[in-house]
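Structure file structure_4.txt (compact mmCIF, C-alpha atoms) is printed below.
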```
# COMPACT_ATOMS: atom_id res chain seq x y z
CA MET G 191 44.07 43.13 -25.92
CA THR G 192 47.56 42.26 -24.83
CA SER G 193 48.91 38.81 -25.54
CA ALA G 194 48.88 38.09 -21.82
CA ALA G 195 45.23 39.08 -21.57
CA ARG G 196 44.47 37.01 -24.69
CA ARG G 197 46.17 34.01 -23.16
CA THR G 198 44.18 34.54 -19.97
CA CYS G 199 40.91 34.66 -21.89
CA LEU G 200 41.77 31.58 -23.86
CA ALA G 201 42.73 29.73 -20.68
CA LEU G 202 39.48 30.77 -19.05
CA LEU G 203 37.46 29.63 -22.05
CA ALA G 204 39.27 26.32 -22.10
CA SER G 205 38.57 25.92 -18.40
CA LEU G 206 34.88 26.58 -18.89
CA LEU G 207 34.69 24.08 -21.71
CA ALA G 208 36.52 21.48 -19.63
CA THR G 209 34.00 21.74 -16.79
CA GLY G 210 31.09 21.35 -19.19
CA ALA G 211 29.57 24.68 -18.31
CA PRO G 212 27.79 25.99 -21.35
CA ALA G 213 29.28 28.91 -23.02
CA ARG G 214 27.10 31.96 -22.89
CA GLY G 215 24.06 31.45 -25.17
CA ALA G 216 24.55 27.65 -25.61
CA GLU G 217 21.54 25.42 -24.99
CA PRO G 218 21.78 22.53 -22.55
CA ARG G 219 22.33 19.11 -24.02
CA VAL G 220 19.03 17.46 -24.89
CA VAL G 221 18.32 13.88 -23.95
CA GLU G 222 15.40 12.36 -25.86
CA ILE G 223 13.30 9.76 -24.05
CA VAL G 224 10.40 7.82 -25.50
CA ALA G 225 7.77 6.15 -23.36
CA ARG G 226 5.52 3.37 -24.54
CA ARG G 227 3.77 0.47 -22.86
CA PHE G 228 5.83 -0.90 -21.13
CA GLU G 229 9.29 0.61 -21.46
CA PHE G 230 11.30 3.80 -21.60
CA SER G 231 13.78 4.14 -24.42
CA PRO G 232 16.65 4.39 -23.86
CA ALA G 233 16.54 2.37 -20.66
CA LEU G 234 19.68 4.02 -19.33
CA ILE G 235 21.10 7.53 -19.69
CA THR G 236 24.35 8.89 -18.32
CA LEU G 237 24.70 12.43 -17.08
CA LYS G 238 27.62 14.33 -15.65
CA LYS G 239 27.45 15.70 -12.14
CA GLY G 240 26.79 19.41 -12.40
CA GLU G 241 25.84 19.23 -16.07
CA THR G 242 22.59 20.91 -16.99
CA VAL G 243 20.57 18.84 -19.43
CA THR G 244 17.11 19.04 -20.90
CA LEU G 245 15.08 15.85 -20.77
CA ARG G 246 12.66 15.78 -23.70
CA LEU G 247 10.02 13.11 -23.37
CA LYS G 248 7.16 11.88 -25.49
CA SER G 249 4.70 9.03 -25.28
CA LEU G 250 3.81 6.84 -28.22
CA ASP G 251 0.56 5.58 -26.72
CA VAL G 252 -0.99 6.53 -23.36
CA THR G 253 -0.19 8.88 -20.50
CA HIS G 254 2.86 7.76 -18.56
CA GLY G 255 4.47 9.11 -15.44
CA PHE G 256 8.17 9.83 -15.05
CA PHE G 257 9.16 9.94 -11.41
CA GLN G 258 12.44 10.01 -9.51
CA LYS G 259 12.15 11.54 -6.08
CA ALA G 260 15.81 12.17 -5.28
CA LEU G 261 16.40 14.03 -8.56
CA GLY G 262 13.18 16.01 -8.27
CA ILE G 263 11.69 14.47 -11.40
CA ASP G 264 7.90 14.31 -11.40
CA LEU G 265 6.33 14.49 -14.84
CA GLU G 266 3.28 13.38 -16.75
CA ILE G 267 3.99 12.43 -20.35
CA GLU G 268 0.84 12.79 -22.38
CA PRO G 269 0.56 11.37 -25.88
CA GLY G 270 0.67 13.94 -28.63
CA LYS G 271 2.76 16.37 -26.57
CA VAL G 272 6.42 16.92 -25.86
CA THR G 273 7.26 17.18 -22.18
CA GLU G 274 10.50 18.83 -21.14
CA MET G 275 12.36 19.52 -17.95
CA THR G 276 15.80 20.91 -17.21
CA LEU G 277 17.92 18.97 -14.78
CA THR G 278 21.27 19.58 -13.12
CA PRO G 279 22.16 16.53 -11.04
CA LEU G 280 24.49 17.36 -8.20
CA THR G 281 25.20 13.93 -6.71
CA GLU G 282 26.75 10.91 -8.37
CA GLY G 283 24.82 7.70 -8.33
CA ARG G 284 22.32 5.47 -10.07
CA TYR G 285 18.74 6.67 -9.97
CA LEU G 286 15.82 4.47 -10.88
CA THR G 287 13.09 6.45 -12.61
CA ILE G 288 9.68 4.85 -12.83
CA CYS G 289 6.34 5.31 -14.50
CA ASP G 290 3.98 6.27 -11.68
CA HIS G 291 0.86 6.70 -13.82
CA PHE G 292 -0.74 3.25 -13.96
CA CYS G 293 -0.77 2.22 -17.59
CA GLY G 294 -1.59 -1.49 -17.63
CA SER G 295 -0.32 -4.91 -16.72
CA GLY G 296 3.34 -4.18 -17.51
CA HIS G 297 3.34 -0.85 -15.70
CA GLY G 298 5.57 -2.13 -12.91
CA SER G 299 8.37 -2.97 -15.33
CA MET G 300 8.66 0.51 -16.84
CA LYS G 301 11.89 1.99 -15.59
CA LEU G 302 14.81 4.06 -16.74
CA THR G 303 18.14 4.25 -14.95
CA ILE G 304 19.83 7.64 -14.76
CA VAL G 305 23.54 7.30 -14.06
CA VAL G 306 25.20 10.44 -12.76
CA GLU G 307 28.98 10.32 -12.80
CA MET L 166 -10.62 -2.91 47.18
CA LYS L 167 -8.83 -0.40 45.07
CA ALA L 168 -11.25 1.64 42.99
CA VAL L 169 -10.88 1.05 39.31
CA ASP L 170 -10.97 4.25 37.37
CA ARG L 171 -12.92 4.72 34.22
CA ARG L 172 -9.95 4.10 32.03
CA THR L 173 -10.01 1.08 29.86
CA PHE L 174 -7.45 -0.44 27.64
CA LEU L 175 -8.59 -1.21 24.20
CA ARG L 176 -6.35 -3.99 23.16
CA ILE L 177 -6.04 -4.69 19.54
CA ALA L 178 -3.98 -7.75 18.87
CA GLY L 179 -3.26 -9.07 15.45
CA MET L 180 -2.23 -12.55 14.56
CA SER L 181 -0.77 -13.41 11.24
CA LEU L 182 -2.10 -16.85 10.52
CA GLY L 183 -0.60 -17.14 7.16
CA ALA L 184 -4.07 -16.56 5.83
CA GLY L 185 -3.90 -12.83 6.07
CA ALA L 186 -3.95 -11.17 9.42
CA LEU L 187 -6.45 -11.73 12.20
CA TYR L 188 -7.12 -8.86 14.50
CA ARG L 189 -8.81 -9.07 17.84
CA VAL L 190 -10.30 -6.02 19.49
CA ALA L 191 -10.99 -6.46 23.16
CA PRO L 192 -11.19 -4.29 26.22
CA ALA L 193 -8.42 -4.78 28.73
CA TRP L 194 -10.68 -6.57 31.15
CA ALA L 195 -10.66 -9.48 28.76
CA SER L 196 -7.27 -10.27 30.28
CA ASP L 197 -7.02 -12.22 33.49
CA GLY L 198 -6.20 -10.97 36.98
CA PRO L 199 -7.90 -9.35 39.97
CA ALA L 200 -7.96 -5.90 38.42
CA ALA L 201 -9.51 -7.35 35.28
CA GLU L 202 -12.21 -9.06 37.36
CA THR L 203 -12.96 -5.81 39.18
CA ALA L 204 -13.16 -3.95 35.89
CA ARG L 205 -15.43 -6.61 34.46
CA ARG L 206 -17.84 -6.40 37.41
CA GLN L 207 -17.84 -2.64 37.26
CA ALA L 208 -18.52 -2.71 33.56
CA GLU L 209 -21.44 -5.07 34.06
CA THR L 210 -22.83 -2.84 36.81
CA ASN L 211 -22.59 0.15 34.53
CA GLY L 212 -24.03 -1.73 31.57
CA GLU L 213 -20.78 -1.30 29.70
CA ALA L 214 -19.64 -4.88 29.25
CA VAL L 215 -18.35 -5.35 25.72
CA THR L 216 -17.56 -8.56 23.99
CA PRO L 217 -14.44 -8.72 21.91
CA PHE L 218 -14.57 -9.11 18.14
CA THR L 219 -12.16 -10.26 15.53
CA PHE L 220 -11.59 -9.32 11.91
CA VAL L 221 -9.34 -10.54 9.16
CA GLN L 222 -7.30 -8.79 6.49
CA LEU L 223 -6.77 -10.48 3.15
CA SER L 224 -4.91 -8.77 0.33
CA ASP L 225 -3.77 -8.84 -3.29
CA THR L 226 -5.70 -11.86 -4.49
CA HIS L 227 -5.17 -10.74 -8.14
CA VAL L 228 -7.95 -12.93 -9.47
CA GLY L 229 -7.25 -13.55 -13.15
CA PHE L 230 -3.48 -13.47 -12.84
CA ALA L 231 -1.70 -16.56 -14.07
CA GLY L 232 2.01 -16.56 -14.60
CA PRO L 233 5.40 -17.95 -13.67
CA PRO L 234 5.51 -16.53 -10.16
CA ASN L 235 2.24 -18.33 -9.45
CA PRO L 236 0.73 -20.81 -11.90
CA THR L 237 -1.91 -21.87 -9.37
CA GLY L 238 -4.19 -18.89 -9.96
CA THR L 239 -6.80 -18.51 -7.23
CA ARG L 240 -5.79 -21.62 -5.23
CA ALA L 241 -4.11 -19.58 -2.48
CA PHE L 242 -7.12 -17.29 -2.18
CA GLU L 243 -9.51 -20.22 -2.00
CA ARG L 244 -7.39 -21.94 0.60
CA ALA L 245 -7.25 -18.75 2.65
CA VAL L 246 -11.05 -18.69 2.64
CA GLU L 247 -11.12 -22.25 3.97
CA ILE L 248 -8.67 -21.38 6.73
CA VAL L 249 -10.61 -18.31 7.77
CA ASN L 250 -13.84 -20.32 7.81
CA ALA L 251 -12.19 -22.91 10.06
CA LEU L 252 -11.04 -20.40 12.67
CA PRO L 253 -12.31 -21.36 16.15
CA VAL L 254 -13.51 -17.78 16.67
CA GLN L 255 -15.13 -16.51 13.53
CA PRO L 256 -14.23 -12.99 12.45
CA GLU L 257 -17.11 -10.56 12.27
CA LEU L 258 -15.54 -8.78 9.32
CA VAL L 259 -13.07 -9.44 6.52
CA LEU L 260 -11.22 -6.53 4.95
CA PHE L 261 -9.66 -6.81 1.51
CA THR L 262 -6.87 -4.28 0.92
CA GLY L 263 -6.88 -4.07 -2.83
CA ASP L 264 -5.78 -5.73 -6.06
CA LEU L 265 -8.75 -8.03 -5.76
CA THR L 266 -8.36 -8.72 -9.47
CA HIS L 267 -5.73 -8.47 -12.15
CA GLU L 268 -6.71 -6.15 -14.95
CA SER L 269 -7.46 -7.26 -18.48
CA GLU L 270 -8.12 -5.13 -21.53
CA VAL L 271 -10.01 -7.90 -23.29
CA PRO L 272 -13.64 -6.70 -23.40
CA GLY L 273 -15.68 -8.24 -20.60
CA GLU L 274 -12.77 -10.10 -19.05
CA HIS L 275 -12.04 -7.72 -16.17
CA ALA L 276 -15.71 -7.73 -15.17
CA ALA L 277 -15.63 -11.54 -15.26
CA ARG L 278 -12.64 -11.52 -12.94
CA MET L 279 -14.43 -9.24 -10.51
CA LYS L 280 -17.37 -11.62 -10.57
CA ARG L 281 -15.04 -14.56 -9.88
CA PHE L 282 -13.53 -12.67 -6.94
CA GLY L 283 -17.01 -12.14 -5.56
CA GLU L 284 -17.84 -15.82 -5.90
CA ILE L 285 -14.79 -16.90 -3.93
CA ALA L 286 -15.20 -14.17 -1.31
CA SER L 287 -18.86 -15.09 -0.82
CA ARG L 288 -17.73 -18.45 0.59
CA LEU L 289 -16.46 -16.64 3.67
CA ARG L 290 -18.68 -17.26 6.67
CA ALA L 291 -17.87 -13.87 8.15
CA PRO L 292 -21.04 -11.76 8.10
CA ALA L 293 -19.39 -8.69 6.58
CA ARG L 294 -16.80 -8.11 3.87
CA LYS L 295 -15.37 -4.72 3.02
CA MET L 296 -12.84 -3.84 0.38
CA VAL L 297 -10.80 -1.14 -1.27
CA PRO L 298 -9.42 -1.30 -4.81
CA GLY L 299 -5.84 -1.67 -5.90
CA GLU L 300 -4.33 -0.09 -8.99
CA HIS L 301 -4.97 -3.34 -10.89
CA ASP L 302 -8.67 -2.99 -10.06
CA ALA L 303 -9.17 0.70 -10.70
CA GLY L 304 -6.05 2.34 -12.14
CA LEU L 305 -6.96 2.13 -15.84
CA ASP L 306 -10.50 3.50 -15.76
CA GLY L 307 -10.54 5.66 -12.64
CA GLY L 308 -12.40 2.98 -10.73
CA ALA L 309 -15.56 3.02 -12.91
CA LEU L 310 -15.87 -0.76 -13.31
CA TYR L 311 -14.91 -1.39 -9.68
CA ARG L 312 -17.63 0.99 -8.46
CA SER L 313 -20.24 -0.66 -10.64
CA VAL L 314 -19.43 -4.04 -9.10
CA PHE L 315 -18.30 -3.40 -5.54
CA GLY L 316 -19.49 0.10 -4.69
CA GLU L 317 -17.66 3.15 -3.48
CA THR L 318 -13.89 3.13 -3.27
CA SER L 319 -13.70 5.26 -0.12
CA TYR L 320 -16.13 5.27 2.79
CA SER L 321 -16.24 4.67 6.52
CA PHE L 322 -18.18 2.69 9.07
CA ASP L 323 -18.21 1.89 12.76
CA HIS L 324 -18.17 -1.47 14.45
CA ARG L 325 -18.09 -2.05 18.20
CA GLY L 326 -16.50 1.30 18.81
CA VAL L 327 -13.81 1.07 16.16
CA HIS L 328 -14.06 3.53 13.28
CA PHE L 329 -12.96 2.04 9.98
CA VAL L 330 -11.90 4.31 7.10
CA ALA L 331 -11.54 2.92 3.60
CA LEU L 332 -9.11 5.08 1.64
CA ASP L 333 -8.61 4.99 -2.12
CA ASN L 334 -5.07 5.75 -3.28
CA VAL L 335 -5.29 4.06 -6.69
CA SER L 336 -8.20 5.39 -8.76
CA ARG L 337 -6.40 8.58 -9.73
CA ALA L 338 -3.82 6.48 -11.67
CA LYS L 339 -1.08 8.23 -9.74
CA PRO L 340 -0.36 6.89 -6.24
CA GLU L 341 -2.31 9.55 -4.35
CA VAL L 342 -5.44 10.16 -2.35
CA GLY L 343 -6.26 13.63 -3.67
CA ALA L 344 -7.55 16.81 -2.10
CA ALA L 345 -11.25 15.90 -2.22
CA GLN L 346 -10.75 12.64 -0.35
CA LEU L 347 -8.50 14.32 2.20
CA ALA L 348 -11.20 16.89 2.88
CA TRP L 349 -13.81 14.13 3.23
CA MET L 350 -11.58 12.22 5.62
CA LYS L 351 -11.03 15.26 7.80
CA GLN L 352 -14.75 15.89 7.99
CA ASP L 353 -15.47 12.21 8.63
CA LEU L 354 -13.09 12.09 11.59
CA ALA L 355 -14.15 15.41 13.10
CA ARG L 356 -16.83 13.84 15.31
CA PHE L 357 -14.44 11.48 17.11
CA PRO L 358 -12.44 12.13 20.25
CA ALA L 359 -8.68 11.76 20.15
CA THR L 360 -8.90 8.42 21.90
CA ALA L 361 -11.16 6.78 19.34
CA PRO L 362 -9.65 3.70 17.75
CA ILE L 363 -9.27 4.33 14.03
CA VAL L 364 -8.45 1.64 11.49
CA VAL L 365 -7.55 2.93 8.02
CA PHE L 366 -7.49 0.32 5.30
CA THR L 367 -6.07 1.18 1.94
CA HIS L 368 -3.96 -0.36 -0.82
CA ARG L 369 -0.63 1.46 -1.11
CA PRO L 370 1.61 2.37 1.84
CA LEU L 371 0.92 5.82 3.21
CA PHE L 372 4.62 6.50 3.70
CA ASP L 373 7.75 6.31 1.52
CA LEU L 374 8.49 2.65 1.95
CA LYS L 375 10.32 2.36 -1.41
CA PRO L 376 9.40 5.11 -3.91
CA ASP L 377 11.63 3.59 -6.61
CA TRP L 378 9.35 0.55 -6.52
CA GLU L 379 6.23 2.74 -6.38
CA TRP L 380 5.68 1.70 -2.80
CA PHE L 381 4.42 5.06 -1.56
CA THR L 382 1.53 7.53 -1.67
CA ARG L 383 2.37 11.01 -2.93
CA ASP L 384 0.15 12.75 -0.37
CA GLY L 385 0.61 10.12 2.34
CA ASP L 386 2.05 12.78 4.67
CA ALA L 387 -1.15 14.78 4.28
CA VAL L 388 -3.22 11.72 5.18
CA MET L 389 -1.14 11.09 8.30
CA ALA L 390 -1.45 14.76 9.24
CA VAL L 391 -5.25 14.36 9.26
CA LEU L 392 -4.83 11.32 11.52
CA ALA L 393 -2.25 12.98 13.77
CA PRO L 394 -4.69 14.13 16.48
CA PHE L 395 -5.76 10.53 17.13
CA GLU L 396 -3.95 8.30 19.60
CA ASN L 397 -5.07 4.89 18.41
CA VAL L 398 -4.48 4.67 14.69
CA THR L 399 -3.80 1.52 12.76
CA VAL L 400 -3.19 1.46 9.03
CA LEU L 401 -3.70 -1.77 7.13
CA TYR L 402 -2.51 -1.99 3.55
CA GLY L 403 -1.37 -4.36 0.83
CA HIS L 404 0.35 -3.69 -2.51
CA ILE L 405 3.85 -4.77 -1.49
CA HIS L 406 3.11 -8.50 -1.34
CA ARG L 407 5.04 -9.00 1.87
CA GLU L 408 4.57 -8.37 5.55
CA ASP L 409 5.87 -5.19 7.01
CA VAL L 410 5.33 -3.31 10.26
CA ARG L 411 6.26 0.34 10.71
CA ARG L 412 5.56 2.57 13.66
CA ASP L 413 5.57 6.30 13.52
CA ALA L 414 4.61 8.92 16.06
CA HIS L 415 0.91 8.56 15.38
CA ALA L 416 0.18 5.15 13.98
CA VAL L 417 1.26 1.62 13.28
CA HIS L 418 1.26 0.49 9.65
CA TYR L 419 0.77 -3.17 8.78
CA ALA L 420 1.26 -4.64 5.34
CA ALA L 421 -0.26 -7.99 4.52
CA ARG L 422 1.20 -10.74 2.42
CA SER L 423 -0.51 -11.33 -0.88
CA LEU L 424 -2.40 -14.38 -2.03
CA ILE L 425 -0.69 -14.56 -5.42
CA PHE L 426 3.11 -14.12 -5.26
CA ALA L 427 5.65 -12.38 -3.06
CA PHE L 428 8.06 -9.53 -3.64
CA PRO L 429 11.52 -9.56 -2.06
CA ASP L 430 12.83 -7.38 0.73
CA PRO L 431 13.62 -4.01 -0.90
CA ALA L 432 16.53 -3.53 1.49
CA LYS L 433 18.23 -6.63 0.11
CA ALA L 434 17.04 -7.13 -3.45
CA PRO L 435 18.37 -4.95 -6.30
CA ASP L 436 15.24 -5.38 -8.40
CA LYS L 437 11.53 -5.57 -7.81
CA LYS L 438 11.09 -9.04 -9.22
CA PRO L 439 8.56 -11.54 -7.87
CA VAL L 440 9.95 -14.30 -5.71
CA ALA L 441 10.26 -17.44 -7.83
CA PHE L 442 7.55 -20.08 -7.62
CA ASP L 443 8.55 -23.07 -5.53
CA GLN L 444 6.82 -26.19 -6.76
CA GLU L 445 7.60 -27.97 -3.49
CA ARG L 446 6.04 -25.18 -1.45
CA PRO L 447 3.68 -23.38 -3.80
CA PHE L 448 2.20 -21.10 -1.15
CA ARG L 449 5.50 -20.09 0.39
CA ASN L 450 5.60 -16.40 1.26
CA LEU L 451 1.90 -16.03 0.58
CA GLY L 452 -0.71 -15.40 3.21
CA LEU L 453 -1.14 -19.08 3.81
CA ARG L 454 0.94 -21.78 5.41
CA THR L 455 -1.07 -24.90 6.07
CA VAL L 456 -1.62 -26.54 2.73
CA ARG L 457 0.86 -28.28 0.49
CA CYS L 458 -0.36 -28.39 -3.08
CA GLY L 459 0.09 -31.77 -4.70
CA ALA L 460 1.00 -33.33 -1.38
CA ALA L 461 1.44 -37.05 -1.34
CA ALA L 462 -1.37 -39.11 0.13
CA GLY L 463 -1.23 -39.32 3.91
CA THR L 464 0.77 -36.12 4.38
CA SER L 465 -0.68 -34.11 7.22
CA PRO L 466 -1.06 -30.36 6.90
CA ARG L 467 1.49 -28.22 8.64
CA SER L 468 0.30 -26.47 11.71
CA VAL L 469 -0.65 -22.85 11.54
CA SER L 470 2.02 -20.57 12.88
CA CYS L 471 0.79 -17.37 14.43
CA GLU L 472 2.44 -14.10 15.07
CA GLU L 473 1.11 -11.79 17.71
CA VAL L 474 1.09 -8.36 16.17
CA GLU L 475 0.11 -5.69 18.57
CA LEU L 476 -1.70 -2.81 16.95
CA SER L 477 -1.86 0.67 18.39
CA MET L 478 -2.33 0.00 22.04
CA ARG L 479 -2.65 3.12 24.03
CA ARG L 480 -4.59 3.94 27.10
CA TYR L 481 -8.10 5.17 26.77
CA SER L 482 -9.02 8.00 29.07
CA GLY L 483 -12.31 9.13 30.52
CA THR L 484 -15.66 7.87 29.42
CA GLU L 485 -15.23 8.63 25.74
CA GLY L 486 -13.63 5.26 25.29
CA PHE L 487 -16.67 3.53 26.77
CA ALA L 488 -19.03 5.55 24.63
CA GLN L 489 -17.08 4.68 21.50
CA VAL L 490 -17.09 1.01 22.25
CA LEU L 491 -20.83 0.95 22.91
CA LYS L 492 -21.88 2.72 19.73
CA PRO L 493 -24.00 0.53 17.50
CA SER L 494 -22.34 -0.91 14.46
CA SER L 495 -23.05 0.79 11.18
CA LEU L 496 -21.81 -2.15 9.13
```
How does the structure come out when it is put into C-alpha cells?
Amino acid sequence: MTSAARRTCLALLASLLATGAPARGAEPRVVEIVARRFEFSPALITLKKGETVTLRLKSLDVTHGFFQKALGIDLEIEPGKVTEMTLTPLTEGRYLTICDHFCGSGHGSMKLTIVVE
Amino acid sequence: MKAVDRRTFLRIAGMSLGAGALYRVAPAWASDGPAAETARRQAETNGEAVTPFTFVQLSDTHVGFAGPPNPTGTRAFERAVEIVNALPVQPELVLFTGDLTHESEVPGEHAARMKRFGEIASRLRAPARKMVPGEHDAGLDGGALYRSVFGETSYSFDHRGVHFVALDNVSRAKPEVGAAQLAWMKQDLARFPATAPIVVFTHRPLFDLKPDWEWFTRDGDAVMAVLAPFENVTVLYGHIHREDVRRDAHAVHYAARSLIFAFPDPAKAPDKKPVAFDQERPFRNLGLRTVRCGAAAGTSPRSVSCEEVELSMRRYSGTEGFAQVLKPSSL
C-alpha cells in the first residue's frame, strides 16, 4: 500500500470513529436498565443521534412494560429474563419512556428519560 | 300544513354539573316550535311518542385512596351522590367509568374497598348503575376480584333506543382491549343500523391523548374502526381526571373529572403530577362544585354551574330511528 493510500485509509478510519459508527465486527454499546416497583434505574440515559445501542433490561420483581411510542420502544420486561432491543435514534430530543404494564400503586411514577443529542 | 317526514332528531345533550356529567336523550320534538308540535302529534298518532331520559357519568372515585392530593377520601364521591339524588329530573341510569377503587395488596383490603364503593353507590336513587373497571380495580389480577364483586367487565345493554357498550381496556394490564373483545364488539353491533345511537363507556381514552402519560389505548384505532359505520357514537371515559372533549370523524369522546384529585393539562404541564390539594376549596377540579368542606356556619352553597355538552347529534333517517327508540330496555 502506498503511503498516500495508507494515509487515506487512516483518515477514513478516523472519520468512521469520529461519527460513532462501529467498526466492522464491533458490537453496539450496551445500556443496562433495571426495572423494579416503582422505578427504572438509571432514570435518565443519553444517546447520540444516529448511534446504534442495545438496551438490555431486566426486572427485579414483577413484569414491567417499557414503552416510548416515538422511538418505537414497546417491550415487556419479565422477571428472570433479560430483554434486549437495538435502537438507533434519529431525532434529537427528550423522550419519556413509561411502564405500561400495570404493576401496582406506584405504576404511574415509573419513567425513564431518554435524551438523544 | 307541511308534512313532517319520518326523520327524527335524537338529541343527546350533556350537562356537566360538577357532579359528573348528566346526559339527556330526547327526540327532537321535545324542543319547542310548530314543527315540533306537528312531530309530536304525528308521533302520538303513530304510537311512537317517546319520553326523554337522563343518565349520569361518575368516574375515578378511587375508594380507599388517601393522600396529599386529596386527604378527604370518599367525601367528594359521597357529595356527588347527594347532588345526583337532588337533581330535579332523576337519571334513569348512572355509569361509572372505572377506578372505582384504589388497589391494595394487603389481604382482604381491596375487597373491602370494593364493598365500600358499593355501599356509597347504593345510596343513588337512580334505578340502574353500570360500571367498568379501571386499572386500579383490575390491572393487578386480570379483573378476577372485580368480576367476583361487580360482574363482567365488558357487556352491552339497550335503554330507550340507545345501545350502551361497556368496554374493558384495563384487565389485560396493558392499556388495550384485545382481539377477543374486539370480535365480541363487532358481533354485538352487527344487528344495529348505522343510525343507531351508540354510547361506549370505558376507562382509558380510545385515542392517543397523551401516550407518555399512559393516556391511550394501544388498539384504540381498532375499536374506532369497529364503530366507524355508525353515525351517532359517543364515547365516555375517565382515567385522566379532567374534562376533555374530542371529536373525530365518527364519534365524540368525553372525559369526566374524577372524584378524588385532578391531573393538569398535558399541553401545559411538564409532569403528570396531581393538582395540589386546596384546603380552601377541597373539591376544586373534581366532579363537584357546590359544597365547601369545613365551611363556616351560615355560608350558603355555591350554585351549580352547568355546561351544555352536545353529544353526537346527527340526523336520524327513515323508520329505523323510531324502531330503535321504541325497543324495550334490557337494563
Selection near G:Thr244, 10 Å with all atoms listed in the file, sequence-local residues under 6 positions removed, as a PyMOL selection string: chain G and resi 217-222+274-278
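Of note, atom CA of G:Val243 and atom CA of L:Lys375 are spaced 26.5 Å apart.
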Which residues are near L:Ala432? Cut-off 12 Å, all atoms listed in the file, ignore same chain within fewer than 6 positions. Put them as a list in words. Leu374, Lys375, Asp377 and Trp378 of chain L
Which residue is closest to chain G? Choose from L:Glu300, L:Glu274, L:Asp353, L:Asp413 and count all atoms listed in the file. L:Glu300
Can you pull out every residue within 6 Å of stretch 238-246 of chain L, counting all atoms listed in the file, but drop anything in the same chain fewer than 2 positions away, and send it as a ChimeraX atom specification? /L:184,231,236,248-249,289,424
So how far away is atom CA of G:His297 from atom CA of L:Pro234, in Å?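 We find that atom CA of L:Pro234 and atom CA of G:His297 lie 16.8 Å from each other.
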What would stretch 228-245 of chain L look like with N, CA and C atoms restored, written as a compact mmCIF listing (two decimals), in the coordinates of the input?
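Result written to rebuild.txt:
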```
# COMPACT_ATOMS: atom_id res chain seq x y z
N VAL L 228 -7.18 -11.93 -8.73
CA VAL L 228 -7.95 -12.93 -9.47
C VAL L 228 -7.83 -12.66 -10.97
N GLY L 229 -7.47 -13.68 -11.71
CA GLY L 229 -7.25 -13.55 -13.15
C GLY L 229 -5.79 -13.61 -13.53
N PHE L 230 -4.90 -13.41 -12.55
CA PHE L 230 -3.48 -13.47 -12.84
C PHE L 230 -3.06 -14.92 -12.95
N ALA L 231 -2.27 -15.22 -13.97
CA ALA L 231 -1.70 -16.56 -14.07
C ALA L 231 -0.34 -16.37 -14.72
N GLY L 232 0.69 -16.77 -14.04
CA GLY L 232 2.01 -16.56 -14.60
C GLY L 232 3.06 -17.30 -13.84
N PRO L 233 4.31 -17.18 -14.29
CA PRO L 233 5.40 -17.95 -13.67
C PRO L 233 5.52 -17.78 -12.16
N PRO L 234 5.34 -16.58 -11.61
CA PRO L 234 5.51 -16.53 -10.16
C PRO L 234 4.40 -17.25 -9.41
N ASN L 235 3.29 -17.55 -10.08
CA ASN L 235 2.24 -18.33 -9.45
C ASN L 235 1.33 -18.92 -10.53
N PRO L 236 1.59 -20.18 -10.89
CA PRO L 236 0.73 -20.81 -11.90
C PRO L 236 -0.55 -21.38 -11.32
N THR L 237 -0.75 -21.23 -9.99
CA THR L 237 -1.91 -21.87 -9.37
C THR L 237 -3.13 -20.96 -9.31
N GLY L 238 -3.03 -19.77 -9.86
CA GLY L 238 -4.19 -18.89 -9.96
C GLY L 238 -4.80 -18.55 -8.62
N THR L 239 -6.08 -18.90 -8.43
CA THR L 239 -6.80 -18.51 -7.23
C THR L 239 -6.70 -19.54 -6.10
N ARG L 240 -5.83 -20.55 -6.23
CA ARG L 240 -5.79 -21.62 -5.23
C ARG L 240 -5.45 -21.08 -3.85
N ALA L 241 -4.50 -20.12 -3.79
CA ALA L 241 -4.11 -19.58 -2.48
C ALA L 241 -5.28 -18.82 -1.86
N PHE L 242 -5.97 -18.05 -2.65
CA PHE L 242 -7.12 -17.29 -2.18
C PHE L 242 -8.19 -18.25 -1.65
N GLU L 243 -8.47 -19.28 -2.42
CA GLU L 243 -9.51 -20.22 -2.00
C GLU L 243 -9.10 -20.95 -0.72
N ARG L 244 -7.85 -21.27 -0.61
CA ARG L 244 -7.39 -21.94 0.60
C ARG L 244 -7.47 -20.99 1.79
N ALA L 245 -7.15 -19.73 1.57
CA ALA L 245 -7.25 -18.75 2.65
C ALA L 245 -8.69 -18.66 3.15
```
